[in-house]
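> My structure is in my_file-v9.cif, and what it holds is mmCIF, C-alpha atoms and all ligand atoms; chains and numbers go by the auth columns:
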```
data_run
#
loop_
_atom_site.group_PDB
_atom_site.id
_atom_site.type_symbol
_atom_site.label_atom_id
_atom_site.label_comp_id
_atom_site.label_asym_id
_atom_site.label_seq_id
_atom_site.Cartn_x
_atom_site.Cartn_y
_atom_site.Cartn_z
_atom_site.B_iso_or_equiv
_atom_site.auth_seq_id
_atom_site.auth_asym_id
ATOM 1 C CA MET A 1 -92.595 -38.930 -4.797 0.00 736 T
ATOM 2 C CA ASN A 2 -90.373 -41.258 -2.765 0.00 737 T
ATOM 3 C CA PRO A 3 -90.566 -39.893 0.824 0.00 738 T
ATOM 4 C CA PHE A 4 -86.911 -40.860 1.379 0.00 739 T
ATOM 5 C CA SER A 5 -85.156 -39.227 -1.560 0.00 740 T
ATOM 6 C CA ASP A 6 -83.035 -36.229 -2.535 0.00 741 T
ATOM 7 C CA GLU A 7 -85.997 -34.932 -4.529 0.00 742 T
ATOM 8 C CA LYS A 8 -88.185 -34.996 -1.389 0.00 743 T
ATOM 9 C CA ILE A 9 -85.596 -32.928 0.538 0.00 744 T
ATOM 10 C CA VAL A 10 -85.911 -30.043 -1.919 0.00 745 T
ATOM 11 C CA ASP A 11 -89.704 -30.455 -2.024 0.00 746 T
ATOM 12 C CA SER A 12 -89.951 -30.216 1.780 0.00 747 T
ATOM 13 C CA TRP A 13 -87.649 -27.204 1.979 0.00 748 T
ATOM 14 C CA SER A 14 -89.683 -25.402 -0.680 0.00 749 T
ATOM 15 C CA LYS A 15 -92.716 -25.629 1.670 0.00 750 T
ATOM 16 C CA ASN A 16 -90.891 -23.963 4.540 0.00 751 T
ATOM 17 C CA ILE A 17 -89.336 -20.829 3.056 0.00 752 T
ATOM 18 C CA THR A 18 -91.160 -18.243 5.175 0.00 753 T
ATOM 19 C CA PRO A 19 -90.752 -19.919 8.600 0.00 754 T
ATOM 20 C CA TRP A 20 -87.065 -20.618 7.827 0.00 755 T
ATOM 21 C CA ILE A 21 -86.357 -16.997 6.882 0.00 756 T
ATOM 22 C CA LYS A 22 -88.121 -15.923 10.107 0.00 757 T
ATOM 23 C CA ALA A 23 -86.189 -18.472 12.188 0.00 758 T
ATOM 24 C CA ILE A 24 -82.856 -17.210 10.881 0.00 759 T
ATOM 25 C CA THR A 25 -83.587 -13.493 10.934 0.00 760 T
ATOM 26 C CA ASN A 26 -85.140 -13.697 14.444 0.00 761 T
ATOM 27 C CA ASN A 27 -82.275 -15.904 15.750 0.00 762 T
ATOM 28 C CA GLU A 28 -84.689 -18.662 16.797 0.00 763 T
ATOM 29 C CA ILE A 29 -82.193 -21.557 16.625 0.00 764 T
ATOM 30 C CA GLU A 30 -80.291 -21.543 19.892 0.00 765 T
ATOM 31 C CA SER A 31 -77.324 -23.761 18.932 0.00 766 T
ATOM 32 C CA ARG A 32 -76.684 -21.623 15.843 0.00 767 T
ATOM 33 C CA ASN A 33 -76.639 -18.277 17.631 0.00 768 T
ATOM 34 C CA GLY A 34 -74.199 -19.084 20.330 0.00 769 T
ATOM 35 C CA ILE A 35 -72.050 -21.756 18.751 0.00 770 T
ATOM 36 C CA THR A 36 -72.216 -23.094 15.217 0.00 771 T
ATOM 37 C CA ASP A 37 -72.577 -19.813 13.290 0.00 772 T
ATOM 38 C CA LYS A 38 -69.576 -18.334 15.064 0.00 773 T
ATOM 39 C CA ALA A 39 -67.578 -21.551 14.609 0.00 774 T
ATOM 40 C CA ILE A 40 -67.962 -21.671 10.823 0.00 775 T
ATOM 41 C CA LEU A 41 -67.392 -17.929 10.451 0.00 776 T
ATOM 42 C CA MET A 42 -64.110 -18.171 12.369 0.00 777 T
ATOM 43 C CA GLU A 43 -62.969 -21.234 10.393 0.00 778 T
ATOM 44 C CA VAL A 44 -63.458 -19.367 7.135 0.00 779 T
ATOM 45 C CA ILE A 45 -62.277 -15.889 8.098 0.00 780 T
ATOM 46 C CA ASN A 46 -59.064 -17.209 9.716 0.00 781 T
ATOM 47 C CA ARG A 47 -58.069 -18.676 6.352 0.00 782 T
ATOM 48 C CA LYS A 48 -58.164 -15.182 4.786 0.00 783 T
ATOM 49 C CA PRO A 49 -59.881 -16.304 1.572 0.00 784 T
ATOM 50 C CA THR A 50 -60.486 -14.016 -1.390 0.00 785 T
ATOM 51 C CA LYS A 51 -63.341 -16.039 -2.891 0.00 786 T
ATOM 52 C CA ILE A 52 -65.717 -18.409 -1.164 0.00 787 T
ATOM 53 C CA LEU A 53 -68.613 -20.614 -2.263 0.00 788 T
ATOM 54 C CA ASP A 54 -71.544 -21.423 0.060 0.00 789 T
ATOM 55 C CA ILE A 55 -73.294 -24.588 -1.136 0.00 790 T
ATOM 56 C CA GLY A 56 -76.949 -24.776 -0.022 0.00 791 T
ATOM 57 C CA CYS A 57 -76.884 -21.150 1.157 0.00 792 T
ATOM 58 C CA GLY A 58 -80.575 -20.912 2.091 0.00 793 T
ATOM 59 C CA GLU A 59 -81.623 -17.302 2.734 0.00 794 T
ATOM 60 C CA GLY A 60 -78.033 -16.069 2.562 0.00 795 T
ATOM 61 C CA TRP A 61 -76.915 -15.105 6.106 0.00 796 T
ATOM 62 C CA PHE A 62 -73.421 -16.564 5.693 0.00 797 T
ATOM 63 C CA VAL A 63 -72.711 -15.027 2.274 0.00 798 T
ATOM 64 C CA GLU A 64 -73.814 -11.670 3.650 0.00 799 T
ATOM 65 C CA ALA A 65 -71.590 -11.958 6.735 0.00 800 T
ATOM 66 C CA LEU A 66 -68.512 -12.639 4.579 0.00 801 T
ATOM 67 C CA THR A 67 -69.382 -10.011 1.977 0.00 802 T
ATOM 68 C CA LYS A 68 -69.511 -7.437 4.766 0.00 803 T
ATOM 69 C CA LYS A 69 -65.928 -8.444 5.611 0.00 804 T
ATOM 70 C CA GLY A 70 -64.829 -7.741 2.039 0.00 805 T
ATOM 71 C CA ILE A 71 -64.670 -11.391 0.929 0.00 806 T
ATOM 72 C CA GLU A 72 -66.154 -12.226 -2.473 0.00 807 T
ATOM 73 C CA ALA A 73 -68.877 -14.723 -1.613 0.00 808 T
ATOM 74 C CA LEU A 74 -71.256 -16.684 -3.837 0.00 809 T
ATOM 75 C CA GLY A 75 -74.199 -18.682 -2.509 0.00 810 T
ATOM 76 C CA ILE A 76 -76.038 -21.361 -4.459 0.00 811 T
ATOM 77 C CA ASP A 77 -79.298 -23.116 -3.629 0.00 812 T
ATOM 78 C CA ALA A 78 -81.930 -25.130 -5.501 0.00 813 T
ATOM 79 C CA ILE A 79 -84.825 -23.101 -4.144 0.00 814 T
ATOM 80 C CA GLU A 80 -85.729 -20.061 -6.193 0.00 815 T
ATOM 81 C CA GLN A 81 -87.532 -18.256 -3.334 0.00 816 T
ATOM 82 C CA PHE A 82 -84.403 -18.462 -1.164 0.00 817 T
ATOM 83 C CA ILE A 83 -82.209 -17.134 -3.973 0.00 818 T
ATOM 84 C CA ASN A 84 -84.657 -14.322 -4.747 0.00 819 T
ATOM 85 C CA TYR A 85 -84.912 -13.423 -1.058 0.00 820 T
ATOM 86 C CA ALA A 86 -81.116 -13.349 -0.758 0.00 821 T
ATOM 87 C CA LYS A 87 -80.673 -11.265 -3.922 0.00 822 T
ATOM 88 C CA ASN A 88 -83.226 -8.729 -2.677 0.00 823 T
ATOM 89 C CA ASN A 89 -82.352 -8.615 1.027 0.00 824 T
ATOM 90 C CA ARG A 90 -78.793 -9.818 1.544 0.00 825 T
ATOM 91 C CA LYS A 91 -75.397 -8.564 0.451 0.00 826 T
ATOM 92 C CA GLY A 92 -73.345 -10.853 -1.790 0.00 827 T
ATOM 93 C CA LYS A 93 -73.857 -12.906 -4.936 0.00 828 T
ATOM 94 C CA TYR A 94 -76.365 -15.714 -5.391 0.00 829 T
ATOM 95 C CA GLN A 95 -77.154 -18.231 -8.108 0.00 830 T
ATOM 96 C CA LEU A 96 -80.019 -20.689 -8.499 0.00 831 T
ATOM 97 C CA LEU A 97 -78.309 -24.081 -8.816 0.00 832 T
ATOM 98 C CA SER A 98 -78.951 -27.559 -7.501 0.00 833 T
ATOM 99 C CA TYR A 99 -76.146 -29.793 -6.261 0.00 834 T
ATOM 100 C CA GLU A 100 -76.715 -31.893 -9.346 0.00 835 T
ATOM 101 C CA GLN A 101 -75.930 -28.822 -11.540 0.00 836 T
ATOM 102 C CA LEU A 102 -72.892 -27.578 -9.591 0.00 837 T
ATOM 103 C CA SER A 103 -70.016 -28.629 -11.871 0.00 838 T
ATOM 104 C CA GLU A 104 -71.716 -27.451 -15.033 0.00 839 T
ATOM 105 C CA GLY A 105 -73.195 -24.268 -13.523 0.00 840 T
ATOM 106 C CA LEU A 106 -69.895 -23.048 -12.050 0.00 841 T
ATOM 107 C CA LYS A 107 -67.567 -24.398 -14.742 0.00 842 T
ATOM 108 C CA GLY A 108 -64.225 -22.565 -14.815 0.00 843 T
ATOM 109 C CA LYS A 109 -64.706 -20.876 -11.420 0.00 844 T
ATOM 110 C CA LEU A 110 -62.311 -21.490 -8.519 0.00 845 T
ATOM 111 C CA PHE A 111 -62.794 -20.806 -4.814 0.00 846 T
ATOM 112 C CA ASP A 112 -60.372 -20.555 -1.875 0.00 847 T
ATOM 113 C CA VAL A 113 -62.907 -21.922 0.582 0.00 848 T
ATOM 114 C CA ILE A 114 -66.058 -23.940 -0.118 0.00 849 T
ATOM 115 C CA ILE A 115 -68.503 -24.454 2.730 0.00 850 T
ATOM 116 C CA CYS A 116 -71.616 -26.550 3.308 0.00 851 T
ATOM 117 C CA ASN A 117 -73.319 -25.407 6.513 0.00 852 T
ATOM 118 C CA PHE A 118 -75.966 -27.941 7.568 0.00 853 T
ATOM 119 C CA SER A 119 -76.802 -28.331 3.894 0.00 854 T
ATOM 120 C CA LEU A 120 -75.513 -31.824 3.057 0.00 855 T
ATOM 121 C CA ILE A 121 -78.688 -33.683 3.881 0.00 856 T
ATOM 122 C CA GLY A 122 -79.229 -36.142 1.065 0.00 857 T
ATOM 123 C CA GLU A 123 -77.718 -39.253 -0.459 0.00 858 T
ATOM 124 C CA LYS A 124 -76.842 -39.026 -4.166 0.00 859 T
ATOM 125 C CA SER A 125 -76.973 -35.220 -4.134 0.00 860 T
ATOM 126 C CA VAL A 126 -74.205 -35.207 -1.492 0.00 861 T
ATOM 127 C CA ASN A 127 -72.091 -37.565 -3.595 0.00 862 T
ATOM 128 C CA GLN A 128 -72.554 -35.100 -6.451 0.00 863 T
ATOM 129 C CA VAL A 129 -71.342 -32.199 -4.308 0.00 864 T
ATOM 130 C CA PHE A 130 -68.202 -34.173 -3.419 0.00 865 T
ATOM 131 C CA GLU A 131 -67.622 -35.087 -7.084 0.00 866 T
ATOM 132 C CA SER A 132 -67.773 -31.377 -8.013 0.00 867 T
ATOM 133 C CA ILE A 133 -65.370 -30.127 -5.328 0.00 868 T
ATOM 134 C CA PRO A 134 -62.031 -31.043 -7.013 0.00 869 T
ATOM 135 C CA SER A 135 -62.833 -28.892 -10.049 0.00 870 T
ATOM 136 C CA LEU A 136 -64.101 -25.909 -7.992 0.00 871 T
ATOM 137 C CA LEU A 137 -61.516 -25.749 -5.213 0.00 872 T
ATOM 138 C CA ASN A 138 -58.238 -23.865 -5.543 0.00 873 T
ATOM 139 C CA LYS A 139 -55.127 -26.035 -5.278 0.00 874 T
ATOM 140 C CA LYS A 140 -54.507 -24.909 -1.700 0.00 875 T
ATOM 141 C CA GLY A 141 -58.192 -24.350 -0.961 0.00 876 T
ATOM 142 C CA THR A 142 -60.266 -25.684 1.933 0.00 877 T
ATOM 143 C CA PHE A 143 -63.544 -27.581 1.871 0.00 878 T
ATOM 144 C CA ILE A 144 -65.546 -27.265 5.124 0.00 879 T
ATOM 145 C CA ILE A 145 -68.679 -29.176 6.045 0.00 880 T
ATOM 146 C CA GLN A 146 -70.619 -28.417 9.218 0.00 881 T
ATOM 147 C CA THR A 147 -73.286 -30.987 10.032 0.00 882 T
ATOM 148 C CA LEU A 148 -74.956 -32.959 12.846 0.00 883 T
ATOM 149 C CA HIS A 149 -72.383 -34.924 14.793 0.00 884 T
ATOM 150 C CA PRO A 150 -73.066 -38.576 13.822 0.00 885 T
ATOM 151 C CA LEU A 151 -72.128 -39.817 17.293 0.00 886 T
ATOM 152 C CA PHE A 152 -74.594 -37.454 18.963 0.00 887 T
ATOM 153 C CA ALA A 153 -77.539 -37.616 16.583 0.00 888 T
ATOM 154 C CA ASN A 154 -79.661 -39.742 18.946 0.00 889 T
ATOM 155 C CA GLU A 155 -79.750 -42.568 16.436 0.00 890 T
ATOM 156 C CA GLN A 156 -80.708 -46.113 17.464 0.00 891 T
ATOM 157 C CA THR A 157 -78.387 -47.696 14.908 0.00 892 T
ATOM 158 C CA TYR A 158 -75.009 -46.580 13.609 0.00 893 T
ATOM 159 C CA VAL A 159 -75.423 -47.369 9.903 0.00 894 T
ATOM 160 C CA ASP A 160 -75.793 -45.152 6.844 0.00 895 T
ATOM 161 C CA GLY A 161 -79.348 -44.717 5.667 0.00 896 T
ATOM 162 C CA TRP A 162 -82.387 -42.517 5.312 0.00 897 T
ATOM 163 C CA ARG A 163 -84.041 -41.142 8.445 0.00 898 T
ATOM 164 C CA LYS A 164 -87.322 -39.331 9.059 0.00 899 T
ATOM 165 C CA GLY A 165 -86.918 -35.581 9.511 0.00 900 T
ATOM 166 C CA SER A 166 -88.232 -33.372 12.303 0.00 901 T
ATOM 167 C CA TRP A 167 -88.596 -29.662 12.993 0.00 902 T
ATOM 168 C CA LYS A 168 -88.042 -30.181 16.718 0.00 903 T
ATOM 169 C CA GLY A 169 -87.458 -26.925 18.562 0.00 904 T
ATOM 170 C CA LEU A 170 -88.762 -24.789 15.699 0.00 905 T
ATOM 171 C CA SER A 171 -92.046 -22.890 15.330 0.00 906 T
ATOM 172 C CA LYS A 172 -95.391 -24.508 14.525 0.00 907 T
ATOM 173 C CA GLU A 173 -95.366 -22.831 11.127 0.00 908 T
ATOM 174 C CA PHE A 174 -92.938 -25.492 9.850 0.00 909 T
ATOM 175 C CA MET A 175 -94.495 -28.425 7.976 0.00 910 T
ATOM 176 C CA ASP A 176 -93.584 -31.667 6.189 0.00 911 T
ATOM 177 C CA PRO A 177 -89.981 -32.078 7.498 0.00 912 T
ATOM 178 C CA ALA A 178 -87.322 -33.096 5.007 0.00 913 T
ATOM 179 C CA PRO A 179 -85.937 -36.637 5.367 0.00 914 T
ATOM 180 C CA TRP A 180 -82.169 -36.892 5.784 0.00 915 T
ATOM 181 C CA TYR A 181 -79.483 -39.425 5.010 0.00 916 T
ATOM 182 C CA PHE A 182 -77.460 -40.403 8.072 0.00 917 T
ATOM 183 C CA ARG A 183 -73.733 -41.046 7.532 0.00 918 T
ATOM 184 C CA THR A 184 -71.310 -42.548 9.997 0.00 919 T
ATOM 185 C CA LEU A 185 -67.995 -40.812 10.604 0.00 920 T
ATOM 186 C CA SER A 186 -66.129 -43.375 8.492 0.00 921 T
ATOM 187 C CA SER A 187 -68.634 -42.913 5.700 0.00 922 T
ATOM 188 C CA TRP A 188 -67.965 -39.139 5.666 0.00 923 T
ATOM 189 C CA SER A 189 -64.246 -39.868 5.605 0.00 924 T
ATOM 190 C CA ASN A 190 -64.711 -42.331 2.717 0.00 925 T
ATOM 191 C CA LEU A 191 -66.472 -39.633 0.703 0.00 926 T
ATOM 192 C CA PHE A 192 -63.324 -37.491 0.875 0.00 927 T
ATOM 193 C CA ASN A 193 -61.094 -40.403 -0.169 0.00 928 T
ATOM 194 C CA ALA A 194 -63.385 -41.548 -2.968 0.00 929 T
ATOM 195 C CA ASN A 195 -63.203 -38.092 -4.557 0.00 930 T
ATOM 196 C CA ASN A 196 -59.459 -37.632 -4.322 0.00 931 T
ATOM 197 C CA LEU A 197 -59.828 -35.250 -1.400 0.00 932 T
ATOM 198 C CA GLN A 198 -58.123 -35.383 1.970 0.00 933 T
ATOM 199 C CA LEU A 199 -59.941 -35.005 5.273 0.00 934 T
ATOM 200 C CA SER A 200 -57.304 -33.098 7.221 0.00 935 T
ATOM 201 C CA SER A 201 -59.052 -32.184 10.480 0.00 936 T
ATOM 202 C CA ILE A 202 -62.196 -32.566 12.520 0.00 937 T
ATOM 203 C CA PHE A 203 -63.481 -29.835 14.781 0.00 938 T
ATOM 204 C CA GLU A 204 -66.328 -30.344 17.268 0.00 939 T
ATOM 205 C CA PRO A 205 -67.940 -27.033 18.305 0.00 940 T
ATOM 206 C CA LYS A 206 -69.247 -27.246 21.883 0.00 941 T
ATOM 207 C CA ASN A 207 -71.541 -25.419 24.217 0.00 942 T
ATOM 208 C CA GLU A 208 -68.932 -24.092 26.652 0.00 943 T
ATOM 209 C CA THR A 209 -71.419 -24.016 29.534 0.00 944 T
ATOM 210 C CA THR A 210 -72.871 -27.523 29.251 0.00 945 T
ATOM 211 C CA ASN A 211 -69.878 -29.094 27.449 0.00 946 T
ATOM 212 C CA GLN A 212 -72.290 -30.702 24.971 0.00 947 T
ATOM 213 C CA VAL A 213 -71.243 -31.016 21.354 0.00 948 T
ATOM 214 C CA ALA A 214 -73.248 -28.813 18.955 0.00 949 T
ATOM 215 C CA SER A 215 -72.053 -30.107 15.572 0.00 950 T
ATOM 216 C CA ILE A 216 -69.111 -31.572 13.708 0.00 951 T
ATOM 217 C CA MET A 217 -66.889 -29.792 11.206 0.00 952 T
ATOM 218 C CA LEU A 218 -65.074 -31.859 8.592 0.00 953 T
ATOM 219 C CA ILE A 219 -62.225 -29.895 7.052 0.00 954 T
ATOM 220 C CA GLY A 220 -60.238 -30.979 4.034 0.00 955 T
ATOM 221 C CA GLY A 221 -58.783 -30.144 0.667 0.00 956 T
ATOM 222 C CA HIS A 222 -57.081 -31.621 -2.357 0.00 957 T
ATOM 223 C CA ASN A 223 -55.003 -34.755 -1.815 0.00 958 T
ATOM 224 C CA LYS A 224 -51.385 -33.721 -1.270 0.00 959 T
HETATM 225 C C1 LIG B . -80.657 -26.367 6.698 0.00 1001 Q
HETATM 226 S S1 LIG B . -80.717 -25.393 5.226 0.00 1001 Q
HETATM 227 C C2 LIG B . -79.147 -24.606 5.456 0.00 1001 Q
HETATM 228 C C3 LIG B . -79.077 -23.278 4.832 0.00 1001 Q
HETATM 229 C C4 LIG B . -77.777 -22.505 5.090 0.00 1001 Q
HETATM 230 N N1 LIG B . -76.596 -23.230 4.701 0.00 1001 Q
HETATM 231 C C5 LIG B . -77.664 -21.994 6.507 0.00 1001 Q
HETATM 232 O O1 LIG B . -76.600 -22.131 7.104 0.00 1001 Q
HETATM 233 O O2 LIG B . -78.641 -21.429 7.013 0.00 1001 Q
HETATM 234 C C6 LIG B . -80.391 -26.549 3.901 0.00 1001 Q
HETATM 235 C C7 LIG B . -80.358 -25.927 2.509 0.00 1001 Q
HETATM 236 O O3 LIG B . -79.893 -26.919 1.576 0.00 1001 Q
HETATM 237 C C8 LIG B . -80.568 -26.712 0.357 0.00 1001 Q
HETATM 238 N N2 LIG B . -80.531 -27.941 -0.444 0.00 1001 Q
HETATM 239 C C9 LIG B . -80.833 -29.198 -0.056 0.00 1001 Q
HETATM 240 N N3 LIG B . -80.686 -30.074 -1.082 0.00 1001 Q
HETATM 241 C C10 LIG B . -80.267 -29.348 -2.144 0.00 1001 Q
HETATM 242 C C11 LIG B . -79.910 -29.671 -3.491 0.00 1001 Q
HETATM 243 N N4 LIG B . -79.971 -30.918 -3.968 0.00 1001 Q
HETATM 244 N N5 LIG B . -79.484 -28.683 -4.309 0.00 1001 Q
HETATM 245 C C12 LIG B . -79.390 -27.391 -3.824 0.00 1001 Q
HETATM 246 N N6 LIG B . -79.733 -27.014 -2.575 0.00 1001 Q
HETATM 247 C C13 LIG B . -80.158 -27.982 -1.739 0.00 1001 Q
HETATM 248 C C14 LIG B . -81.984 -26.350 0.798 0.00 1001 Q
HETATM 249 O O4 LIG B . -82.710 -25.708 -0.230 0.00 1001 Q
HETATM 250 C C15 LIG B . -81.722 -25.461 2.013 0.00 1001 Q
HETATM 251 O O5 LIG B . -81.641 -24.108 1.660 0.00 1001 Q
#
```
Please render this file's structure as structure tokens.
Ligand SMILES: C[S@@+](CC[C@H](N)C(=O)[O-])C[C@H]1O[C@@H](n2cnc3c(N)ncnc32)[C@H](O)[C@@H]1O

Amino acid sequence: MNPFSDEKIVDSWSKNITPWIKAITNNEIESRNGITDKAILMEVINRKPTKILDIGCGEGWFVEALTKKGIEALGIDAIEQFINYAKNNRKGKYQLLSYEQLSEGLKGKLFDVIICNFSLIGEKSVNQVFESIPSLLNKKGTFIIQTLHPLFANEQTYVDGWRKGSWKGLSKEFMDPAPWYFRTLSSWSNLFNANNLQLSSIFEPKNETTNQVASIMLIGGHNK
């Protein structure tokens, strides 16, 4: 298998199900607890959606949080163990689907808000997510991506391309880190334009004590 490919991302994640579930349920990821989880929850809840889609939902924490607030939430992921875990342990709806199967698998369904929380990691698979959004998003709906801030990713060069992964800061139980495809800010913006979507705002969640940026949120919708 090509070590720098979309296929390898899913392969690596499928080897780290148990430590990931532990990391999330035991609140082991510091930046998530204090900052990024709250930031994406607020962004979505403030829009008062009726139906949301969580793309790359993992073990389901976000779908559960919204379901508890009375919002109809569906999570999709390519990894069967995550979907089974979520179905058995989390509130909300879940479906086993890869990004490549999104349009076909959710044909005819429409969502008020679609989110990708640290789940757009690959190259072609990310293009496929963007290609699917216009047919899944309500006319006035919002598409929200939270990801690593490209200007603060400690990268030597500022060009799109595959990078080696790391489980830095996580437990020793993690193995074989997934590679990831770095995108510059303009490249993210181009993805919106290329798919007839409009990037309408950028939000940069920060650690209020250290003033360091924790992530970037790219928020958009259909072209007006
Ligand atoms: C960092 S985890 C994020 C999980 C979740 N969004 C959260 O906030 O905890 C990335 C997720 O993306 C999923 N993923 C990556 N590539 C995928 C693909 N091509 N199709 C479906 N899911 C994918 C992985 O299985 C994993 O659950």
> Set the distance at 10 Å and use all atoms listed in the file: which residues neighbour T:Gln816 once local chain neighbours fewer than 4 positions away are removed? I'd like the list as an NGL selection string.
:T and (749 or 752-753 or 793-794 or 812 or 820-822 or 831)
> Let me see if you get this right: every residue at most 6 Å from ligand LIG 1001 (chain Q), counting all atoms listed in the file, written as a list in words.
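Written in the requested form, the residues are Ile744, Val745, Trp748, Gly791, Cys792, Gly793, Asp812, Ala813, Ile814, Ser833, Tyr834, Asn852, Phe853, Ser854 and Ser860 of chain T.
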> Record the distance separating atom CA of T:Asn958 and atom CA of T:Gln933, expressed in Å with one decimal.
4.9 Å
> At what distance in Å, to one decimal, does atom CA of T:Lys874 lie from atom CA of T:Lys959?
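Interatomic distance, atom CA of T:Lys959 to atom CA of T:Lys874: 9.4 Å.
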> Let me make sure I understand: among T:Gly896, T:Gly843, T:Pro912, T:Gly827, which one has the smallest atom-to-atom distance to T:Asn751 if we use only C-alpha atoms?
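Of the candidates, the smallest distance to T:Asn751 is held by T:Pro912.
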> With only C-alpha atoms as the counted atoms, please give the residues lying no more than 9 Å from T:Val861, apart from itself and same-chain residues fewer than 6 positions off, as a list of chain:residue names.
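Result of the neighbour search: T:Asp741, T:Tyr834, T:Glu835, T:Leu855.
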> Convert the output of the PyMOL selection byres (((chain T and resi 884) around 9) and not hetatm) on the shown file into explicit residues, formatted as a tab-separated table (two decimals) with C-alpha atoms, in the frame of the given file.

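This went into result_14.tsv:
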```tsv
chain	number	residue	atom	x	y	z
T	881	GLN	CA	-70.62	-28.42	9.22
T	882	THR	CA	-73.29	-30.99	10.03
T	883	LEU	CA	-74.96	-32.96	12.85
T	885	PRO	CA	-73.07	-38.58	13.82
T	886	LEU	CA	-72.13	-39.82	17.29
T	887	PHE	CA	-74.59	-37.45	18.96
T	888	ALA	CA	-77.54	-37.62	16.58
T	920	LEU	CA	-68.00	-40.81	10.60
T	939	GLU	CA	-66.33	-30.34	17.27
T	948	VAL	CA	-71.24	-31.02	21.35
T	949	ALA	CA	-73.25	-28.81	18.95
T	950	SER	CA	-72.05	-30.11	15.57
T	951	ILE	CA	-69.11	-31.57	13.71
T	952	MET	CA	-66.89	-29.79	11.21
```
> Can you list, as a PyMOL selection string, the residues that the PyMOL selection byres (((chain T and resi 829) around 6) and not hetatm) selects here?
chain T and resi 809-811+828+830
> As an exercise, work out the distance from atom CA of T:Pro914 to atom CA of T:Gly900 in Å and give it to one decimal place.
4.4 Å
> Just want the 9 Å neighbourhood of T:Trp796, counted on all atoms listed in the file, with same-chain residues fewer than 5 positions away dropped. Output as a list in words.
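Within the cut-off, the hits are Ile759, Thr760, Leu801, Ala821, Arg825 and Lys826 of chain T.
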> Run the PyMOL selection byres (((chain T and resi 768-778) around 9) and not hetatm) on the file and write out the hits as a list in words.
Asn762, Glu763, Ile764, Glu765, Ser766, Arg767, Val779, Ile780, Asn781, Arg782, Phe797, Ala800, Leu801, Ile850, Asn852, Ile879, Ile880, Gln881, Pro940, Lys941, Asn942, Glu943, Ala949, Ser950 and Met952 of chain T
> Can you tell me, as AutoDock Vina command-line options, the centre and edge lengths (Å, one decimal) of the axis-aligned box enclosing all of stretch 741-754 of chain T's listed atoms after padding each side by 5 Å?

```
--center_x -87.9 --center_y -27.2 --center_z 2.0 --size_x 19.7 --size_y 28.0 --size_z 23.1
```
> For a quick check of understanding, using all atoms listed in the file, which of T:Asn946, T:Ser747, T:Asn930, T:Ser906 has the smallest distance to T:Ser870?
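Distance minimum relative to T:Ser870 lands on T:Asn930.
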> Using all atoms listed in the file, which residue out of T:Lys899, T:Phe938, T:Lys757, T:Lys803 lies closest to T:Asp911?
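Selected residue with least distance to T:Asp911: T:Lys899.
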> Counting all atoms listed in the file, which of T:His957, T:Ala758, T:Leu905, T:Ser924 gets nearest to T:Leu871?
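Ranked by minimum distance to T:Leu871, first place goes to T:His957.
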> Return the single residue from T:Glu815, T:Asn823, T:Ile856, T:Ala808 that is closest to T:Lys750, with distances computed using all atoms listed in the file.
T:Glu815
